[in-house]
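Asker: My questions all concern the structure below.
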Amino acid sequence: MINREETTETFIKDVTCQYQGSEYVLNWHWAQDIPCVYVHKSQFGAPFDVNELDDRQFKLYTREEYKVHKGLREKTDGIGRYTYRIFPCRLENGKPILLMPDGDAHVIHVSTGKAKIYYSFKRGGSWFSKHQSLQIRIFSEIPIARDVLCYVKKEGSPPAHKDDGTRYNFIRDLEPGVNLMPEIEVRKKDVVRLFFTDGKKYGEMYELIPE
C-alpha cells in the first residue's frame, strides 16, 4: 500500500503538455530533493479523492526515467480529455511516500483531439401548409451525453447562439454513428441550428459541423 502524507510545499509545478505526432509529452519543474513522483490519470471532470484511490491507479516515475524520455510520454489513443496529477514523493527506508500538496500546481488537463459531430436537417410536409415536419440527423464519432447539445429555433433568420431563439434540449444520449431524432413540427419560416449547451466546456472536446 502506498503511504501518503499531506504537504504545504510546492514540489511539482509548471506542468505543461506538448503534442508530438502520435504522442504527447508532459513536463514539469521538480524540486531538487524529489527523487520520483506518482502519476495519476483520470477522465476530465471525474470525481477525485486521493485517499480513496487504489494503488494500481498510480504510476511511479523516477527522475532518471524523466531525464531519459525527456518527460512523461503518452500515446494519443482515441479522443478524449484527461486530468493528470503529478504527486511528489520522498523516500523513507528506500520506499516512496506520496506527498499530497495543496492547490493545483501539480495538475494538468490534456485533450487528445476533438470528436467530430455532424448534423443536418430534413424537412417534410405540404407545400401549402404553414407548418412542416423537421427531423435532425446527427452523426457522432463517439457517445455523446444528451446535455452536451441543444437545438434552437428562430423565425426568419438563423439563430446566432444558444439563447437567440427558442431553445430545446435533447431527451436521450447519442450513440456512435447515425442518430435520427424524432420529428418535430416547425413553421416554414423557422430556422433551426444546433449549439453546445456550454460552448467553452464542450467546444474543447467536440467539433460541431453542419452538413
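Chain labels A, B, ... are given in the sequence in which chains occur in the C-alpha cells; within each chain residues are numbered consecutively from 1, and ligands are likewise numbered from 1 in the order shown.
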Using only C-alpha atoms, which protein or nucleic acid residues come within 8 Å of region 99-102 of chain A? Drop anything in the same chain fewer than 4 positions from it, and give the result as a CSV table (one decimal) with all heavy atoms, in the first residue's frame.
Answerer:
```csv
chain,number,residue,atom,x,y,z
A,4,ARG,N,0.9,7.8,2.4
A,4,ARG,CA,0.6,9.2,1.9
A,4,ARG,C,0.8,10.2,3.1
A,4,ARG,O,0.5,9.9,4.2
A,4,ARG,CB,-0.8,9.2,1.3
A,4,ARG,CG,-0.9,8.2,0.2
A,4,ARG,CD,-2.4,8.0,-0.2
A,4,ARG,NE,-2.5,6.7,-0.9
A,4,ARG,CZ,-3.6,6.3,-1.6
A,4,ARG,NH1,-4.6,7.0,-1.6
A,4,ARG,NH2,-3.6,5.2,-2.2
A,5,GLU,N,1.2,11.4,2.7
A,5,GLU,CA,1.3,12.5,3.7
A,5,GLU,C,0.9,13.8,3.0
A,5,GLU,O,1.1,14.0,1.8
A,5,GLU,CB,2.8,12.6,4.1
A,5,GLU,CG,3.3,11.5,4.9
A,5,GLU,CD,4.8,11.7,5.3
A,5,GLU,OE1,5.4,12.8,4.9
A,5,GLU,OE2,5.4,10.9,6.0
A,6,GLU,N,0.3,14.7,3.8
A,6,GLU,CA,0.0,16.0,3.3
A,6,GLU,C,1.2,16.9,3.4
A,6,GLU,O,2.1,16.7,4.2
A,6,GLU,CB,-1.2,16.6,4.1
A,6,GLU,CG,-2.5,15.8,4.0
A,6,GLU,CD,-3.6,16.5,4.7
A,6,GLU,OE1,-3.3,17.5,5.4
A,6,GLU,OE2,-4.7,16.0,4.6
A,7,THR,N,1.3,17.9,2.5
A,7,THR,CA,2.4,18.8,2.5
A,7,THR,C,1.9,20.2,2.0
A,7,THR,O,0.9,20.3,1.2
A,7,THR,CB,3.5,18.4,1.5
A,7,THR,OG1,4.6,19.3,1.6
A,7,THR,CG2,3.0,18.2,0.1
A,8,THR,N,2.5,21.2,2.5
A,8,THR,CA,2.2,22.6,2.1
A,8,THR,C,3.2,23.1,1.0
A,8,THR,O,3.0,24.2,0.5
A,8,THR,CB,2.1,23.5,3.3
A,8,THR,OG1,3.4,23.5,3.9
A,8,THR,CG2,1.0,23.1,4.2
A,9,GLU,N,4.2,22.3,0.8
A,9,GLU,CA,5.3,22.7,-0.2
A,9,GLU,C,4.8,22.4,-1.6
A,9,GLU,O,4.1,21.4,-1.9
A,9,GLU,CB,6.6,21.9,0.1
A,9,GLU,CG,7.1,22.2,1.5
A,9,GLU,CD,7.7,23.6,1.7
A,9,GLU,OE1,8.1,24.2,0.6
A,9,GLU,OE2,7.7,24.1,2.8
A,10,THR,N,5.3,23.3,-2.5
A,10,THR,CA,5.0,23.1,-3.9
A,10,THR,C,6.2,22.5,-4.6
A,10,THR,O,7.1,23.1,-5.1
A,10,THR,CB,4.7,24.5,-4.6
A,10,THR,OG1,3.6,25.1,-3.9
A,10,THR,CG2,4.3,24.2,-6.1
A,87,PHE,N,2.1,13.7,-8.3
A,87,PHE,CA,2.4,13.8,-6.9
A,87,PHE,C,3.8,13.6,-6.5
A,87,PHE,O,4.4,12.5,-6.9
A,87,PHE,CB,1.5,12.7,-6.1
A,87,PHE,CG,0.0,12.9,-6.2
A,87,PHE,CD1,-0.7,12.3,-7.1
A,87,PHE,CD2,-0.5,13.8,-5.3
A,87,PHE,CE1,-2.1,12.5,-7.2
A,87,PHE,CE2,-1.9,14.1,-5.3
A,87,PHE,CZ,-2.7,13.4,-6.3
A,88,PRO,N,4.5,14.5,-5.9
A,88,PRO,CA,5.9,14.3,-5.5
A,88,PRO,C,6.0,13.2,-4.4
A,88,PRO,O,5.0,12.9,-3.7
A,88,PRO,CB,6.3,15.7,-4.9
A,88,PRO,CG,5.0,16.3,-4.4
A,88,PRO,CD,3.9,15.8,-5.4
A,89,CYS,N,7.2,12.7,-4.3
A,89,CYS,CA,7.5,11.6,-3.3
A,89,CYS,C,8.7,12.0,-2.5
A,89,CYS,O,9.7,12.6,-3.0
A,89,CYS,CB,7.7,10.3,-4.0
A,89,CYS,SG,6.2,9.7,-4.9
A,90,ARG,N,8.8,11.5,-1.3
A,90,ARG,CA,10.1,11.5,-0.6
A,90,ARG,C,10.3,10.0,-0.3
A,90,ARG,O,9.4,9.2,-0.3
A,90,ARG,CB,10.0,12.3,0.7
A,90,ARG,CG,9.1,11.7,1.8
A,90,ARG,CD,9.1,12.5,3.1
A,90,ARG,NE,8.3,12.0,4.1
A,90,ARG,CZ,8.7,11.0,4.9
A,90,ARG,NH1,9.9,10.5,4.8
A,90,ARG,NH2,7.9,10.6,5.9
```
Asker: With DSSP run on the backbone, what are the alpha helix (DSSP H) residues within region 58-100 of chain A? I'd like them as a ChimeraX atom specification.
Answerer: /A:63-69
Asker: Could you save those same residues with all heavy atoms as an mmCIF file, in the first residue's frame?
Answerer:
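The resulting file, out.cif, is reproduced below:
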```cif
data_model
loop_
_atom_site.group_PDB
_atom_site.id
_atom_site.type_symbol
_atom_site.label_atom_id
_atom_site.label_comp_id
_atom_site.auth_asym_id
_atom_site.auth_seq_id
_atom_site.Cartn_x
_atom_site.Cartn_y
_atom_site.Cartn_z
ATOM 1 N N ARG A 63 12.996 10.287 -11.473
ATOM 2 C CA ARG A 63 13.674 11.404 -12.120
ATOM 3 C C ARG A 63 14.581 10.902 -13.251
ATOM 4 O O ARG A 63 14.711 11.551 -14.292
ATOM 5 C CB ARG A 63 14.495 12.181 -11.080
ATOM 6 C CG ARG A 63 15.113 13.472 -11.625
ATOM 7 C CD ARG A 63 16.015 14.099 -10.577
ATOM 8 N NE ARG A 63 15.258 14.735 -9.512
ATOM 9 C CZ ARG A 63 14.907 16.023 -9.517
ATOM 10 N NH1 ARG A 63 15.226 16.793 -10.538
ATOM 11 N NH2 ARG A 63 14.243 16.533 -8.490
ATOM 12 N N GLU A 64 15.186 9.731 -13.078
ATOM 13 C CA GLU A 64 16.041 9.157 -14.110
ATOM 14 C C GLU A 64 15.239 8.817 -15.370
ATOM 15 O O GLU A 64 15.676 9.068 -16.496
ATOM 16 C CB GLU A 64 16.753 7.902 -13.579
ATOM 17 C CG GLU A 64 17.865 8.177 -12.584
ATOM 18 C CD GLU A 64 17.343 8.655 -11.230
ATOM 19 O OE1 GLU A 64 16.173 8.325 -10.894
ATOM 20 O OE2 GLU A 64 18.088 9.356 -10.522
ATOM 21 N N GLU A 65 14.052 8.217 -15.180
ATOM 22 C CA GLU A 65 13.186 7.923 -16.329
ATOM 23 C C GLU A 65 12.781 9.205 -17.042
ATOM 24 O O GLU A 65 12.738 9.272 -18.279
ATOM 25 C CB GLU A 65 11.934 7.174 -15.859
ATOM 26 C CG GLU A 65 12.176 5.750 -15.404
ATOM 27 C CD GLU A 65 10.903 5.107 -14.886
ATOM 28 O OE1 GLU A 65 10.396 5.556 -13.828
ATOM 29 O OE2 GLU A 65 10.416 4.167 -15.539
ATOM 30 N N TYR A 66 12.476 10.210 -16.259
ATOM 31 C CA TYR A 66 12.078 11.504 -16.806
ATOM 32 C C TYR A 66 13.182 12.080 -17.691
ATOM 33 O O TYR A 66 12.935 12.587 -18.788
ATOM 34 C CB TYR A 66 11.754 12.453 -15.654
ATOM 35 C CG TYR A 66 11.279 13.830 -16.065
ATOM 36 C CD1 TYR A 66 9.914 14.097 -16.211
ATOM 37 C CD2 TYR A 66 12.180 14.864 -16.277
ATOM 38 C CE1 TYR A 66 9.474 15.364 -16.570
ATOM 39 C CE2 TYR A 66 11.744 16.125 -16.638
ATOM 40 C CZ TYR A 66 10.392 16.378 -16.781
ATOM 41 O OH TYR A 66 9.962 17.630 -17.140
ATOM 42 N N LYS A 67 14.449 11.988 -17.222
ATOM 43 C CA LYS A 67 15.576 12.521 -17.985
ATOM 44 C C LYS A 67 15.777 11.741 -19.278
ATOM 45 O O LYS A 67 16.032 12.324 -20.337
ATOM 46 C CB LYS A 67 16.842 12.475 -17.134
ATOM 47 C CG LYS A 67 16.867 13.489 -16.001
ATOM 48 C CD LYS A 67 18.156 13.365 -15.192
ATOM 49 C CE LYS A 67 18.188 14.374 -14.062
ATOM 50 N NZ LYS A 67 19.429 14.241 -13.236
ATOM 51 N N VAL A 68 15.679 10.408 -19.204
ATOM 52 C CA VAL A 68 15.888 9.572 -20.390
ATOM 53 C C VAL A 68 14.854 9.873 -21.468
ATOM 54 O O VAL A 68 15.176 9.997 -22.663
ATOM 55 C CB VAL A 68 15.848 8.072 -20.002
ATOM 56 C CG1 VAL A 68 15.794 7.202 -21.258
ATOM 57 C CG2 VAL A 68 17.060 7.705 -19.156
ATOM 58 N N HIS A 69 13.594 10.002 -21.061
ATOM 59 C CA HIS A 69 12.497 10.197 -22.018
ATOM 60 C C HIS A 69 12.172 11.667 -22.262
ATOM 61 O O HIS A 69 11.262 11.993 -23.029
ATOM 62 C CB HIS A 69 11.245 9.467 -21.524
ATOM 63 C CG HIS A 69 11.419 7.991 -21.407
ATOM 64 N ND1 HIS A 69 11.539 7.166 -22.498
ATOM 65 C CD2 HIS A 69 11.503 7.182 -20.313
ATOM 66 C CE1 HIS A 69 11.691 5.919 -22.103
ATOM 67 N NE2 HIS A 69 11.681 5.899 -20.783
#
```
Asker: Which of these, A:Leu98, A:Val192, A:Val110, A:Ile117, has the shortest distance to Gln135 (chain A) once you count only C-alpha atoms?
Answerer: A:Val192
Asker: Given only C-alpha atoms as the basis, pick out the residue of A:Thr16, A:Gln43, A:Asn51, A:Ser129 nearest to His106 (chain A).
Answerer: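 That would be A:Thr16, the residue with the smallest distance to His106 (chain A).
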Asker: How would you write, as a PyMOL selection string, the set of residues in chain A that DSSP gives as strand (DSSP E or B)?
Answerer: chain A and resi 3-7+12-20+23-30+36-43+58-62+72-75+81-92+95-101+107-111+115-124+131-140+144+149-155+166-169+174+177-180+184-187+190-196+206-210
Asker: Hey, which of A:Gly165, A:Met205, A:Glu185, A:Gly199 ends up closest to Ile144 (chain A)? Count only C-alpha atoms.
Answerer: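 Among A:Gly165, A:Met205, A:Glu185, A:Gly199, it is A:Met205 that comes nearest to Ile144 (chain A).
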Asker: Report, in Å with one decimal, the straight-line distance from CA of Val25 (chain A) to CA of Thr112 (chain A).
Answerer: 11.7 Å
Asker: Provide the CA of Lys41 (chain A) to CA of Gly80 (chain A) distance in Å, to one decimal place.
Answerer: 12.3 Å
Asker: Region 146-162 of chain A: which residues within 9 Å, counting only C-alpha atoms, same-chain residues fewer than 4 positions away excluded, as a list in words?
Answerer: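 So, after excluding close chain neighbours, the residues are Thr166, Arg167, Tyr168, Asn169, Phe170, Ile171, Arg172, Asp173, Leu174, Val186, Arg187, Lys188, Lys189, Asp190, Val191, Val192, Arg193, Leu194, Phe195, Phe196, Thr197, Asp198 and Tyr202 of chain A.
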Asker: Based on the selection just made, write N, CA, C and O atoms of those residues as a short mmCIF file (atom, residue, chain, number, x, y, z; two decimals), in the first residue's frame.
Answerer:
```cif
data_model
loop_
_atom_site.label_atom_id
_atom_site.label_comp_id
_atom_site.auth_asym_id
_atom_site.auth_seq_id
_atom_site.Cartn_x
_atom_site.Cartn_y
_atom_site.Cartn_z
N THR A 166 -35.84 30.10 -29.47
CA THR A 166 -36.42 29.14 -28.53
C THR A 166 -35.52 27.91 -28.46
O THR A 166 -35.24 27.27 -29.48
N ARG A 167 -35.07 27.60 -27.25
CA ARG A 167 -34.07 26.54 -27.06
C ARG A 167 -34.74 25.25 -26.59
O ARG A 167 -35.63 25.28 -25.74
N TYR A 168 -34.28 24.12 -27.13
CA TYR A 168 -34.80 22.81 -26.75
C TYR A 168 -33.63 21.88 -26.41
O TYR A 168 -32.59 21.91 -27.08
N ASN A 169 -33.82 21.05 -25.43
CA ASN A 169 -32.81 20.08 -25.05
C ASN A 169 -33.13 18.71 -25.65
O ASN A 169 -34.29 18.40 -25.94
N PHE A 170 -32.12 17.88 -25.81
CA PHE A 170 -32.33 16.52 -26.29
C PHE A 170 -32.73 15.63 -25.12
O PHE A 170 -32.34 15.86 -23.96
N ILE A 171 -33.49 14.59 -25.41
CA ILE A 171 -34.05 13.74 -24.35
C ILE A 171 -33.32 12.41 -24.20
O ILE A 171 -33.64 11.63 -23.31
N ARG A 172 -32.36 12.16 -25.08
CA ARG A 172 -31.61 10.91 -24.95
C ARG A 172 -30.16 11.12 -25.37
O ARG A 172 -29.84 12.06 -26.11
N ASP A 173 -29.29 10.25 -24.87
CA ASP A 173 -27.88 10.30 -25.25
C ASP A 173 -27.71 9.90 -26.71
O ASP A 173 -28.56 9.20 -27.28
N LEU A 174 -26.61 10.33 -27.31
CA LEU A 174 -26.31 9.99 -28.69
C LEU A 174 -25.31 8.83 -28.74
O LEU A 174 -24.34 8.80 -28.00
N VAL A 186 -42.39 22.53 -37.20
CA VAL A 186 -41.89 23.90 -37.22
C VAL A 186 -42.68 24.69 -38.25
O VAL A 186 -43.30 24.12 -39.15
N ARG A 187 -42.61 26.00 -38.13
CA ARG A 187 -43.18 26.87 -39.16
C ARG A 187 -42.19 26.97 -40.32
O ARG A 187 -41.00 26.78 -40.15
N LYS A 188 -42.73 27.28 -41.51
CA LYS A 188 -41.88 27.32 -42.70
C LYS A 188 -40.75 28.35 -42.57
O LYS A 188 -39.66 28.17 -43.12
N LYS A 189 -41.01 29.42 -41.85
CA LYS A 189 -40.01 30.47 -41.71
C LYS A 189 -39.04 30.22 -40.55
O LYS A 189 -38.11 31.00 -40.34
N ASP A 190 -39.27 29.15 -39.81
CA ASP A 190 -38.37 28.84 -38.70
C ASP A 190 -37.03 28.32 -39.21
O ASP A 190 -36.98 27.52 -40.16
N VAL A 191 -35.97 28.78 -38.59
CA VAL A 191 -34.63 28.28 -38.89
C VAL A 191 -34.10 27.61 -37.61
O VAL A 191 -34.21 28.17 -36.52
N VAL A 192 -33.54 26.41 -37.77
CA VAL A 192 -33.07 25.64 -36.62
C VAL A 192 -31.57 25.42 -36.74
O VAL A 192 -31.05 25.13 -37.82
N ARG A 193 -30.87 25.56 -35.61
CA ARG A 193 -29.44 25.27 -35.56
C ARG A 193 -29.11 24.51 -34.27
O ARG A 193 -29.85 24.62 -33.28
N LEU A 194 -28.01 23.79 -34.32
CA LEU A 194 -27.52 23.10 -33.13
C LEU A 194 -26.41 23.90 -32.46
O LEU A 194 -25.61 24.56 -33.15
N PHE A 195 -26.38 23.82 -31.14
CA PHE A 195 -25.34 24.50 -30.37
C PHE A 195 -24.91 23.62 -29.20
O PHE A 195 -25.64 22.71 -28.78
N PHE A 196 -23.72 23.91 -28.66
CA PHE A 196 -23.33 23.32 -27.40
C PHE A 196 -24.07 24.03 -26.26
O PHE A 196 -24.25 25.25 -26.31
N THR A 197 -24.47 23.28 -25.26
CA THR A 197 -25.10 23.91 -24.09
C THR A 197 -24.10 24.73 -23.30
O THR A 197 -24.47 25.69 -22.63
N ASP A 198 -22.83 24.36 -23.39
CA ASP A 198 -21.75 25.12 -22.76
C ASP A 198 -20.61 25.17 -23.76
O ASP A 198 -19.81 24.25 -23.87
N TYR A 202 -17.59 22.36 -23.82
CA TYR A 202 -17.70 21.29 -24.81
C TYR A 202 -16.99 21.62 -26.11
O TYR A 202 -16.65 20.72 -26.88
#
```
